[in-house]
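**Q** Let me give you the structure first, and then I'll get to my questions.
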Amino acid sequence: MTQLLIEPARRTGCDDIPALTEVLRSAAQRQRSPIDDVLDSGVIDEERYMRELAHDLGIEWLDSIPMAEVPLPLREACGPRLALRHRLLPVAIEGEGDHKRLKLCTFDPFNLIARQAAAQELALPIDWCMASRKRLHEALRRLYGVGADTFEQILEGRDFDYDHLESGEDEANVIDQDDDEEASVVKFVNQIIREALDQRATDIHVEPLSTNLRIRYRIDGRLIEVAVPENIKALQSSVIARLKIMARLDIAERRVPQDGRINLQFEGATIDVRVATVPTVEGESVSLRLLNQEKFNIAKLGMEPFVQKKIETLLHLPNGIILITGPTGSGKSTSLYSFLSEVNHPERRIVTVEDPVENKLVGVMQIAVKNEIGLTFATALRSILRADPNIVMIGEIRDLETAEIAIRASLTGHLVFSTLHTNDALGGISRLVDMGVEPFLVSAAVRAFLAQRLVRKLCPHCKTPRAVSDQDRVDLGIPLHIPGQAYSPKGCDRCRMTGFSGRLAIYEIILITQPMQELVAHRAQSNELRAQAVKDGYVPMREYGWFKVMKGETTIEEVISVTSSDVGGGE
């Protein structure tokens, strides 16, 4: 078998045959099918390798997996327990009457246990075919829905024990447990969360509808409905109760919103989950925000050098306010944490006031606002200014009182970071003035306004070049001095056929220079302020976005969608 598996690798240009040979030897010693190990090794191109292997074995290869418009007959022909346990996908039922045959797809033709199980449990004769592992896994999710094998066992009456929902803390907070554990609602909920983490989702929404329980993931800023098993509505109360127990919420209270947190352990990493429940006419809706306890640094933000240089200069100032502006979900918190990580040194005392504390930073004193006991931004700030901080971070400036304390901190020698909800960087000035802050205090205390938005990143594996003529540049407003090549999304298995993978921030920054200070103090009009900002090196957000487009990191449409004429320096 070793030679059989090495030959396709040679033909597809594998440059590390010794490593592949070692993988096969190790699999043989453990007496298991080697395909998973080969694909996990990273030394071969999965798609090309598997296609060549299928050719050598004389098995039909599927470049795409056609799914029936009404897949119910396929699910009945091959139940979710067999399909998901052995990763076997029913593709089609061919023939008529007594001549019907089931076309069954696998990525591992050497898995004899799966073949034997299929032969014993399926009523129809089988015609085998092959597809890539990733494509097959995605098709299984579409056909059966996340957690379908566990769901089937629960509905059969196995382990449907409400007391078991209240598992011990250790079990409740570890979601990468062995797939062979006994089925339960606990495992079903864990599968939903694990799938979200595998898909790089930032949010999970469990939403009761009149006839169904809808589950949606937010991936790269877009909500995507998740395929779920049929009749999942039967588990609605159990699923929601389980999530509330994990978040230590009152499962008997269903009339008012509740907030909680879950600390999960997943593949060795700690995931902090914020949970919010909202009562609706169809039952409680539960939203989970997944916060990976990652390490923050400015390099990860992917800033263009001309912006990063300005930020690094600002971070070394002894005092002043640096404000990040943008709507909810624009990545402001990530930028703030990255800035704090950059200035987090033993000789500096950093104190934050947040609502809530989203990520924990080692060496930083973080305070969570609790309005119900009177611990507001303003009251917390008054206290911490007497606690000898060098740097203060305020989660958000929402009112005049908080703004005045932040300005006082700045004028008394503290470096202050905070956020505002405005459309662009220039709007931060008018926002503070509208709150009631005197313009001369804005000009004296604030050092810079940084606005940002998030755009989707092109998938590096399938993006395709896009011709942009000089006339196109003129029409779109892309300066001719920005070099590079634009790209368009295509879609592949690695990006779930979306053409995008991940997100990046685009920025604009306005420095409050001496000339700008004078204009702000004298209540100058916005066009005068913008003209001075340009003289100081201001680059509008849309133009910043063009740098990312011409580097092949995002698309023209993504930049335009977040930088309309009233947002961030549009045309």
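Each chain in the structure tokens gets a letter, A, B, ..., in the order shown, and its residues are numbered from 1; ligands are numbered from 1 in order too.
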For Phe449 of chain A, find every residue with an atom within 12 Å (counting only C-alpha atoms), except residues of its own chain fewer than 6 positions away, and show them as a PyMOL selection string.

**A** chain A and resi 310-311+314+320-326+417-432+442-443+507-513+533+538+568

**Q** What's around Ile215 of chain A at 7 Å? Count only C-alpha atoms, leave out sequence neighbours fewer than 6 positions away in its own chain, and write the answer as a ChimeraX atom specification.

**A** /A:205-207,225-226

**Q** Just the residues within 9 Å of segment 475-487 of chain A, please, counting only C-alpha atoms, with nothing from its chain fewer than 4 positions along; format it as a list in words.

**A** Leu458, Lys463, Thr464, Pro465, Arg466, Ala467, Val468, Asp470, Gln471, Arg542, Glu543, Trp546, Phe547, Lys548, Val549, Met550, Lys551, Gly552, Glu553, Thr554, Thr555, Ile556 and Glu571 of chain A

**Q** So that I can see what lies close to segment 301-309 of chain A, please list as a ChimeraX atom specification the residues with an atom at most 12 Å from it, counting only C-alpha atoms and leaving out residues fewer than 6 positions away in the same chain.

**A** /A:295,315-316,331-339,448,450-452,454,457,503-511,537-541,543-548,551,553

**Q** Contacts of segment 389-397 of chain A at 7 Å or less, counting only C-alpha atoms, minus same-chain residues fewer than 2 places along, as number ranges by chain?

**A** A: 348-355, 385, 387, 399, 402-403, 414-420

**Q** Would you output that residue set with C-alpha atoms, as a compact mmCIF listing (two decimals), in the first residue's frame?

**A**
```
# COMPACT_ATOMS: atom_id res chain seq x y z
CA ARG A 348 3.95 51.82 33.28
CA ARG A 349 0.72 51.37 35.23
CA ILE A 350 -2.24 50.86 32.90
CA VAL A 351 -5.84 50.93 34.13
CA THR A 352 -8.91 50.35 31.96
CA VAL A 353 -12.64 50.91 32.47
CA GLU A 354 -14.71 48.71 30.15
CA ASP A 355 -18.28 47.61 29.58
CA LEU A 385 -7.16 58.88 38.60
CA ALA A 387 -4.57 55.38 41.83
CA ASP A 399 -21.57 61.42 27.88
CA THR A 402 -17.00 60.91 31.09
CA ALA A 403 -15.55 63.17 28.39
CA HIS A 414 -2.02 60.87 31.50
CA LEU A 415 -2.18 59.14 28.14
CA VAL A 416 -5.82 58.22 27.48
CA PHE A 417 -7.29 55.81 24.93
CA SER A 418 -11.01 55.64 24.20
CA THR A 419 -13.65 55.18 21.49
CA LEU A 420 -16.48 57.22 20.00
```

**Q** Restricting the calculation to only C-alpha atoms, which member of A:Ile65, A:Leu441, A:Leu74, A:Ile126 is positioned closest to His99 of chain A?

**A**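 Of A:Ile65, A:Leu441, A:Leu74, A:Ile126, the one nearest His99 of chain A, counting only C-alpha atoms, is A:Ile126.
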
**Q** Neighbours of Val275 of chain A within 7 Å (only C-alpha atoms; same-chain residues fewer than 4 positions away dropped), as a list in words?

**A**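 Near neighbours after the sequence-gap exclusion: Ala247, Asp259, Gly260, Arg261, Val286, Ser287, Leu288 and Arg289 of chain A.
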
**Q** Next, dump the selected residues to file, keeping only all heavy atoms, as a short mmCIF file (atom, residue, chain, number, x, y, z; two decimals), in the first residue's frame.

**A**
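Result written to out31.cif:
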```cif
data_model
loop_
_atom_site.label_atom_id
_atom_site.label_comp_id
_atom_site.auth_asym_id
_atom_site.auth_seq_id
_atom_site.Cartn_x
_atom_site.Cartn_y
_atom_site.Cartn_z
N ALA A 247 -23.85 29.42 31.01
CA ALA A 247 -23.58 30.83 31.30
C ALA A 247 -23.99 31.23 32.72
O ALA A 247 -23.93 32.40 33.08
CB ALA A 247 -24.30 31.72 30.29
N ASP A 259 -27.80 38.38 30.89
CA ASP A 259 -26.44 38.38 30.35
C ASP A 259 -25.55 37.49 31.19
O ASP A 259 -25.68 37.48 32.43
CB ASP A 259 -25.85 39.80 30.32
CG ASP A 259 -26.61 40.72 29.38
OD1 ASP A 259 -26.68 40.39 28.18
OD2 ASP A 259 -27.13 41.75 29.84
N GLY A 260 -24.65 36.77 30.54
CA GLY A 260 -23.73 35.91 31.26
C GLY A 260 -22.48 35.65 30.44
O GLY A 260 -22.30 36.20 29.35
N ARG A 261 -21.61 34.80 30.99
CA ARG A 261 -20.35 34.48 30.32
C ARG A 261 -20.09 32.99 30.45
O ARG A 261 -20.50 32.35 31.42
CB ARG A 261 -19.17 35.26 30.93
CG ARG A 261 -19.27 36.75 30.85
CD ARG A 261 -18.04 37.41 31.44
NE ARG A 261 -16.98 37.50 30.47
CZ ARG A 261 -16.74 38.61 29.75
NH1 ARG A 261 -17.50 39.66 29.89
NH2 ARG A 261 -15.76 38.64 28.89
N VAL A 286 -30.99 33.30 22.00
CA VAL A 286 -29.69 33.35 22.69
C VAL A 286 -28.61 33.74 21.69
O VAL A 286 -28.51 33.15 20.61
CB VAL A 286 -29.34 31.99 23.33
CG1 VAL A 286 -28.03 32.10 24.12
CG2 VAL A 286 -30.46 31.52 24.25
N SER A 287 -27.81 34.75 22.05
CA SER A 287 -26.68 35.17 21.22
C SER A 287 -25.39 34.94 21.97
O SER A 287 -25.29 35.28 23.16
CB SER A 287 -26.81 36.66 20.85
OG SER A 287 -27.95 36.88 20.06
N LEU A 288 -24.42 34.37 21.30
CA LEU A 288 -23.11 34.09 21.90
C LEU A 288 -22.04 34.81 21.10
O LEU A 288 -21.94 34.63 19.88
CB LEU A 288 -22.81 32.58 21.91
CG LEU A 288 -23.71 31.68 22.77
CD1 LEU A 288 -24.96 31.26 22.00
CD2 LEU A 288 -22.95 30.43 23.18
N ARG A 289 -21.24 35.63 21.76
CA ARG A 289 -20.09 36.29 21.14
C ARG A 289 -18.83 35.53 21.55
O ARG A 289 -18.52 35.41 22.73
CB ARG A 289 -20.02 37.75 21.60
CG ARG A 289 -18.73 38.48 21.27
CD ARG A 289 -18.50 38.68 19.79
NE ARG A 289 -19.55 39.42 19.15
CZ ARG A 289 -19.59 40.76 19.06
NH1 ARG A 289 -18.64 41.48 19.62
NH2 ARG A 289 -20.56 41.35 18.41
#
```

**Q** Please, which residues of segment 413-531 of chain A, numbered as in this document, come out strand (DSSP E) from DSSP, as a ChimeraX atom specification?

**A** /A:415-420,446-458,464-466,486-488,500-511

**Q** So which one's closest to Leu317 of chain A, A:Gly329, A:Gly95, A:Gly436, A:Gly413? Using only C-alpha atoms, please.

**A**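 When distances to Leu317 of chain A are compared using only C-alpha atoms, the smallest one comes from A:Gly413.
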
**Q** Rank A:Ile262, A:Leu88, A:Val273, A:Leu143 by their smallest atom-to-atom distance to Ala227 of chain A, using only C-alpha atoms, and report the top residue only.

**A** A:Leu143

**Q** Could you please determine the separation between atom CA of Glu47 of chain A and atom CA of Ala131 of chain A in Å, to one decimal place?

**A**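 Atom CA of Ala131 of chain A lies at a distance of 8.4 Å from atom CA of Glu47 of chain A.
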
**Q** Skip Tyr49 of chain A itself and residues of its chain fewer than 4 positions away, then list as number ranges by chain all residues within 8 Å of it, counting only C-alpha atoms.

**A** A: 8-9, 12, 44-45, 53

**Q** So, with only C-alpha atoms as the atoms that count, which of A:Leu213, A:Leu24, A:Ala234, A:Val357 lies closest to Arg274 of chain A?

**A**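 Nearest candidate to Arg274 of chain A out of A:Leu213, A:Leu24, A:Ala234, A:Val357: A:Val357.
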
**Q** For each of A:Met130, A:Leu89, A:Val562, A:Ala83, take the minimum atom-to-atom distance to Met50 of chain A, counting only C-alpha atoms, then give the residue where this is smallest.

**A**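 Looking at the shortest contact to Met50 of chain A, the residue is A:Met130.
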
**Q** Looking at A:Asn359, A:Thr328, A:Gln3, A:Asn190, which one is nearest to Arg242 of chain A, with distances taken over only C-alpha atoms?

**A**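 Nearest candidate to Arg242 of chain A out of A:Asn359, A:Thr328, A:Gln3, A:Asn190: A:Asn190.
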
**Q** Can you work out the spacing between atom CA of Arg494 of chain A and atom CA of Pro460 of chain A in Å, to one decimal?

**A**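 The value is 9.5 Å.
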